[in-house]
Amino acid sequence: MCGINGFITKGQIGLEDLRGQLEVMNNKIIHRGPDEAGFFTESNFSFSVAMAMRRLSIIDLGTGAQPIFNKSEDILIFFNGEIYNYRELRESLLAKGHEFKTTSDTEVILKAYEEWGTESFGMLDGMFAFSIYDKTKNKIFIARDFFGEKPLYYTKTNNQIIWCSELKSLVKMLPEKPQISKEGLNLYFRLTYIPAPYSIYDSVYKLEANHYMELHLDNFEMQIFPIQNEKSITVDPKIPFNEAKILTHDLMLESVKSRSVADVPLGTFLSGGVDSSVVSLALSKQLDTKIDTFSVGFEKKSFDETDKSRTVANLIDSNHHEFIISVNDLKGNLDEILLNFDEPFADSSSLPTYLVANKTRQHVKVALTGDGGDEIFGGYNKYYIGKMNQKYSSVVPKTFHNKLKGAANKLLSTKDDKRGTRFKMRKLMNAINYEGDFYYNIISLAFQQEDVSQLLKEKWVKSEVFEPYKNTVNNKAENLTDFRNIDKILSLEGDMLVKVDRTSMLTSLESRAPFLNKKLWDFTGQLPEDYLMKGWDKKYILKEAFRQYFPKDFLNKSKKGFGVPVGDWLRGYLKPELKSYIDNHFLEEQNLFEKEFVRNLVENHISGKQDNTFRVWAFFCFQKWYKV
């Protein structure tokens with residue numbers, strides 16, 4: 001696990017100058033790789049190439065330093081991530097006559113590219129962002145993994161193309177502060193995060209998951225292509241449930257095993273939910289020694305689930321580490337956590353994720369997580385709510401619905417940040433849609449489109465902000481497959497994986513997600529939908545596959561989520577800072593927001609008239625980023 005940086009520039013630049021610029025970029029991400037640095041520079045009359053990385057040593061501690069060159073030293077690679085099938089690929093390459101100088105997965109990527117070209121990118125099972133400089137073709141190839149677990153930003157100017165793992169490195173290279181992106185701004189206030197290919201900055205983008213970029217050094221052109229993937233497993237659409245259940249069990253064990261390869265100590269994040277419990281149990285079955293498990297709890301009992309994680313820890317007899325957090329634990333870290341995202345990011349679960357990662361890093365260097373289980377096995381409430389929209393909109397006239405929605409907003413309004421039944425019903429009523437946008441409304445955690453039009457000044461409002469994504473999935477999301485595909489390209493890539501990558505890497509901890517395995521994605525995508533969601537029972541086949549190991553009904557207990565009571569904090573110790581952001585002078589200087597709408601939103605929340613937690617927290621996080 002590392003961080004990579006690089007740029008190409010037209011014309012000749014001194015090697016010392018190139019190295020100096022790379023060191024500036026590397027120093028911004030030293031937390032991603034505190035163990036060592038790697039550099040490559042080259043310059044001629046036509047162009048200059050500069051590539052670098054920071055390394056967190058996990059595999060091949062002795063000989064895995066980067067860059068790694070091929071035998072003739074005309075192809076080299078910088079790599080961030082882990083390739084879980086590198087041993088199998090290595091055996092295939094050895095059989096074809098390739099020789100290896102290291103035992104690292106980095107060199108396997110390089111040799112695979114030598115043998116199969118860009119087709120090799122689709123053979124990789126892992127999380128990655130890497131850059132390969134092929135001098136024989138005068139090209140640089142930059143690739144990102146299937147789910148988008150590892151980040152990659154880029155920008156192109158007339159004279160330069162820059163890429164990096166974190167936005168902070170890229171911004172440091174620009175001659176002036178970039179402008180705010182209209183698309184990025186609108187996506188943020190709809191979703192509370194900004195998915196690829198957009199960022200908060202105009203002309204700065206994220207390479208989309210499962211894509212690679214081809215940079216032509218001869219003419220300074222840039223092209224982006226999808227990585228071609230063959231289906232990793234084929235399933236009979238009429239597969240009997242029991243057979244599919246056994247296969248689910250075996251595939252999960254196989255995935256956990258492949259993601260537990262490391263030359264350093266590792267453990268698991270254990271929240272007590274289905275996903276982390278299955279991962280922890282599967283890892284304990286693979287190893288001969290006790291595993292380490294780590295969980296975080298809250299002083300506010302409505303958010304605390306340590307009893308569930310303790311149950312699993314006792315069941316698998318792990319070395320369990322439990323951390324109870326309070327407001328005071330976050331006061332000193334809040335700025336560091338939020339600003340490390342480099343752009344507005346309002347998923348409040350990033351706060352406890354950072355704290356548990358920070359504590360975990362004191363014991364191990366790698367942690368397995370349960371991330372991706374809901375997307376892979378259909379575990380979200382919003383999936384069956386999606387089906388409710390179709391039934392509702394087919395029998396309730398639109399005009400009557402609008403009246404019902406107005407009444408629901410009054411009757412179901414809440415004053416406290418509890419996120420219970422009233423909160424969910426109100427969200428459902430506001431998301432109901434008659435034009436096929438329901439699912440995009442339900443994943444909009446902050447503002448719906450009509451609210452964004454009141455929040456932002458007219459020149460900043462962009463409607464149809466989800467249109468580019470609709471072109472990649474069924475335009476009218478109607479079934480579980482559509483919902484999961486939308487989540488893969490939006491919330492998984494833009495929110496969940498960003499949260500885990502930035503918070504864990506801020507503590508120099510590598511996180512791995514066994515559910516994020518292309519074989520599992522391909523497998524569940526071919527199963528009958530009622531194997532994943534049977535009536536109201538979510539993740540049905542996963543729970544049935546592992547039910548034998550857990551106490552009765554344990555896997556059916558509802559999960560509270562990894563949230564924190566930020567709604568209370570905005571009324572408490574964060575209130576002075578929040579109120580400073582609705583100051584007239586401050587808002588006029590920004591010229592982004594409609595002042596009255598923002599002030600009413602904030603004041604109603606602070607006074608306890610309404611619970612506006614998600615929307616006010618999104619505003620607060622944006623302002624914290626903007627101020628810095």
# chains A, B, ... in the order shown; residues from 1 in each chain; ligands from 1

$ residues_around --residues "A:Leu315" --least-positions-apart "6" --cutoff "12 Å" --atoms "only C-alpha atoms" --output "list of chain:residue names"
A:Gly272, A:Ser277, A:Val278, A:Ser280, A:Leu281, A:Ser284, A:Lys285, A:Lys290, A:Thr293, A:Lys308, A:Ser309, A:Tyr549, A:Phe550, A:Pro551, A:Phe554

$ closest_atom_pairs --of "stretch 44-163 of chain A" --to "stretch 225-240 of chain A" --cutoff "7 Å" --atoms "only C-alpha atoms" --output "CSV"
residue,atom,partner,partner_atom,distance
A:Glu119,CA,A:Gln228,CA,6.9
A:Phe121,CA,A:Ile227,CA,6.6
A:Gly122,CA,A:Asn229,CA,4.8

$ residues_around --residues "A:Ala37" --least-positions-apart "3" --cutoff "10 Å" --atoms "only C-alpha atoms" --output "list in words"
Cys2, Gly3, Ile4, Glu23, Asn26, Asn27, Ile30, Gly33, Pro34, Ala52, Met53, Arg54, Arg55, Leu56, Ala65, Gln66 and Pro67 of chain A

$ closest_residue --among "A:Asp105, A:Glu73, A:Glu493, A:Asp522" --to "A:Arg87" --atoms "only C-alpha atoms"
A:Asp105

$ closest_residue --among "A:His605, A:Lys470, A:Arg599, A:Lys111" --to "A:Tyr440" --atoms "only C-alpha atoms"
A:Lys470

$ residues_around --residues "A:Phe294" --least-positions-apart "2" --cutoff "9 Å" --atoms "only C-alpha atoms" --output "list of chain:residue names"
A:Gly267, A:Thr268, A:Phe269, A:Leu270, A:Ser271, A:Asp292, A:Val296, A:Ser309, A:Asn319, A:His320, A:His321, A:Glu322, A:Phe323, A:Val356, A:Ala357, A:Lys359, A:Thr360, A:Ala367

$ select_by_dssp --residues "stretch 39-101 of chain A" --states "strand (DSSP E)" --output "ChimeraX atom specification"
/A:39-43,47-55,68-69,75-83

$ select_by_dssp --residues "stretch 275-341 of chain A" --states "alpha helix (DSSP H)" --output "count of residues only"
34

$ atom_distance --atom1 "atom CA of A:Asp134" --atom2 "atom CA of A:Asn80"
18.0 Å

$ residues_around --residues "A:Ile200" --least-positions-apart "6" --cutoff "10 Å" --atoms "only C-alpha atoms" --output "CSV table (one decimal) with all heavy atoms, in the first residue's frame"
chain,number,residue,atom,x,y,z
A,167,LEU,N,-5.5,14.5,-3.8
A,167,LEU,CA,-5.6,15.8,-4.5
A,167,LEU,C,-4.6,16.8,-4.0
A,167,LEU,O,-4.2,17.7,-4.7
A,167,LEU,CB,-7.1,16.3,-4.2
A,167,LEU,CG,-7.7,17.4,-5.1
A,167,LEU,CD1,-7.5,17.1,-6.5
A,167,LEU,CD2,-9.1,17.5,-4.7
A,178,PRO,N,-7.3,26.4,-8.4
A,178,PRO,CA,-8.3,26.0,-9.4
A,178,PRO,C,-9.7,26.5,-9.0
A,178,PRO,O,-10.0,26.7,-7.8
A,178,PRO,CB,-8.3,24.5,-9.5
A,178,PRO,CG,-7.7,24.1,-8.2
A,178,PRO,CD,-6.8,25.2,-7.7
A,179,GLN,N,-10.6,26.7,-10.0
A,179,GLN,CA,-11.9,27.2,-9.7
A,179,GLN,C,-12.8,26.0,-9.2
A,179,GLN,O,-12.5,24.8,-9.5
A,179,GLN,CB,-12.5,27.7,-11.0
A,179,GLN,CG,-11.8,29.0,-11.5
A,179,GLN,CD,-11.9,30.1,-10.5
A,179,GLN,OE1,-12.9,30.5,-10.1
A,179,GLN,NE2,-10.7,30.7,-10.2
A,180,ILE,N,-13.9,26.3,-8.5
A,180,ILE,CA,-14.8,25.3,-8.1
A,180,ILE,C,-15.6,24.7,-9.3
A,180,ILE,O,-16.0,25.5,-10.2
A,180,ILE,CB,-15.8,25.8,-7.0
A,180,ILE,CG1,-15.0,26.1,-5.7
A,180,ILE,CG2,-17.0,24.9,-6.8
A,180,ILE,CD1,-15.9,26.7,-4.6
A,181,SER,N,-15.7,23.4,-9.3
A,181,SER,CA,-16.5,22.7,-10.4
A,181,SER,C,-18.0,22.8,-10.1
A,181,SER,O,-18.4,22.4,-9.0
A,181,SER,CB,-16.0,21.3,-10.5
A,181,SER,OG,-17.0,20.5,-11.2
A,182,LYS,N,-18.8,23.3,-11.0
A,182,LYS,CA,-20.2,23.3,-10.9
A,182,LYS,C,-20.8,21.9,-10.7
A,182,LYS,O,-21.7,21.7,-9.9
A,182,LYS,CB,-20.8,24.0,-12.1
A,182,LYS,CG,-22.3,24.3,-12.0
A,182,LYS,CD,-22.7,25.2,-13.2
A,182,LYS,CE,-24.2,25.6,-13.1
A,182,LYS,NZ,-24.6,26.4,-14.3
A,183,GLU,N,-20.3,21.0,-11.5
A,183,GLU,CA,-20.8,19.6,-11.4
A,183,GLU,C,-20.4,19.0,-10.0
A,183,GLU,O,-21.2,18.4,-9.4
A,183,GLU,CB,-20.2,18.7,-12.5
A,183,GLU,CG,-20.7,19.0,-13.9
A,183,GLU,CD,-19.9,20.1,-14.6
A,183,GLU,OE1,-19.0,20.7,-13.9
A,183,GLU,OE2,-20.2,20.5,-15.7
A,184,GLY,N,-19.2,19.2,-9.6
A,184,GLY,CA,-18.7,18.7,-8.4
A,184,GLY,C,-19.5,19.3,-7.2
A,184,GLY,O,-19.9,18.6,-6.2
A,185,LEU,N,-19.8,20.6,-7.2
A,185,LEU,CA,-20.5,21.3,-6.2
A,185,LEU,C,-21.9,20.7,-6.1
A,185,LEU,O,-22.4,20.4,-5.0
A,185,LEU,CB,-20.6,22.8,-6.5
A,185,LEU,CG,-21.2,23.7,-5.4
A,185,LEU,CD1,-20.3,23.7,-4.2
A,185,LEU,CD2,-21.4,25.1,-6.0
A,186,ASN,N,-22.6,20.5,-7.2
A,186,ASN,CA,-24.0,20.0,-7.2
A,186,ASN,C,-24.0,18.6,-6.7
A,186,ASN,O,-24.9,18.2,-6.0
A,186,ASN,CB,-24.6,20.2,-8.5
A,186,ASN,CG,-25.1,21.6,-8.7
A,186,ASN,OD1,-26.3,21.9,-8.6
A,186,ASN,ND2,-24.2,22.5,-9.1
A,187,LEU,N,-23.1,17.8,-7.2
A,187,LEU,CA,-23.0,16.4,-6.8
A,187,LEU,C,-22.8,16.3,-5.3
A,187,LEU,O,-23.4,15.4,-4.6
A,187,LEU,CB,-22.0,15.6,-7.5
A,187,LEU,CG,-22.3,15.2,-9.0
A,187,LEU,CD1,-21.0,14.8,-9.7
A,187,LEU,CD2,-23.3,14.0,-9.0
A,188,TYR,N,-21.9,17.1,-4.8
A,188,TYR,CA,-21.6,17.1,-3.3
A,188,TYR,C,-22.9,17.4,-2.5
A,188,TYR,O,-23.2,16.6,-1.5
A,188,TYR,CB,-20.5,18.1,-3.0
A,188,TYR,CG,-20.4,18.2,-1.5
A,188,TYR,CD1,-19.8,17.2,-0.7
A,188,TYR,CD2,-20.9,19.4,-0.8
A,188,TYR,CE1,-19.7,17.3,0.7
A,188,TYR,CE2,-20.8,19.5,0.6
A,188,TYR,CZ,-20.2,18.5,1.3
A,188,TYR,OH,-20.1,18.6,2.7
A,193,TYR,N,-20.8,13.7,-1.1
A,193,TYR,CA,-19.5,13.3,-1.6
A,193,TYR,C,-19.5,13.5,-3.1
A,193,TYR,O,-20.6,13.8,-3.7
A,193,TYR,CB,-19.2,11.8,-1.3
A,193,TYR,CG,-20.2,10.8,-1.9
A,193,TYR,CD1,-20.1,10.3,-3.2
A,193,TYR,CD2,-21.3,10.4,-1.1
A,193,TYR,CE1,-21.1,9.5,-3.7
A,193,TYR,CE2,-22.3,9.6,-1.6
A,193,TYR,CZ,-22.2,9.1,-2.9
A,193,TYR,OH,-23.1,8.2,-3.4
A,194,ILE,N,-18.4,13.4,-3.8
A,194,ILE,CA,-18.3,13.7,-5.2
A,194,ILE,C,-17.7,12.4,-5.9
A,194,ILE,O,-16.5,12.1,-5.7
A,194,ILE,CB,-17.4,14.9,-5.5
A,194,ILE,CG1,-17.9,16.1,-4.7
A,194,ILE,CG2,-17.3,15.2,-7.0
A,194,ILE,CD1,-16.9,17.3,-4.7
A,342,ASP,N,-9.3,16.5,1.2
A,342,ASP,CA,-8.9,17.4,0.1
A,342,ASP,C,-10.0,18.1,-0.6
A,342,ASP,O,-9.8,18.9,-1.4
A,342,ASP,CB,-7.9,16.8,-0.9
A,342,ASP,CG,-6.7,16.3,-0.2
A,342,ASP,OD1,-6.2,16.9,0.8
A,342,ASP,OD2,-6.1,15.3,-0.7
A,343,GLU,N,-11.2,17.6,-0.4
A,343,GLU,CA,-12.4,18.2,-1.0
A,343,GLU,C,-13.6,18.0,0.0
A,343,GLU,O,-13.4,17.1,0.9
A,343,GLU,CB,-12.7,17.6,-2.4
A,343,GLU,CG,-12.9,16.1,-2.5
A,343,GLU,CD,-13.0,15.6,-3.9
A,343,GLU,OE1,-13.3,16.4,-4.8
A,343,GLU,OE2,-12.9,14.4,-4.2
A,344,PRO,N,-14.7,18.6,-0.2
A,344,PRO,CA,-15.8,18.4,0.8
A,344,PRO,C,-16.2,17.0,0.8
A,344,PRO,O,-16.4,16.3,-0.2
A,344,PRO,CB,-16.9,19.3,0.2
A,344,PRO,CG,-16.2,20.3,-0.6
A,344,PRO,CD,-15.0,19.7,-1.2

$ closest_atom_pairs --of "stretch 470-507 of chain A" --to "stretch 330-341 of chain A" --cutoff "9 Å" --atoms "only C-alpha atoms" --output "Markdown table"
| residue | atom | partner | partner_atom | distance |
| --- | --- | --- | --- | --- |
| A:Val498 | CA | A:Phe341 | CA | 8.1 |
| A:Lys499 | CA | A:Phe341 | CA | 8.3 |
| A:Arg502 | CA | A:Phe341 | CA | 6.5 |
| A:Thr503 | CA | A:Ile337 | CA | 7.0 |
| A:Leu506 | CA | A:Asn340 | CA | 7.6 |
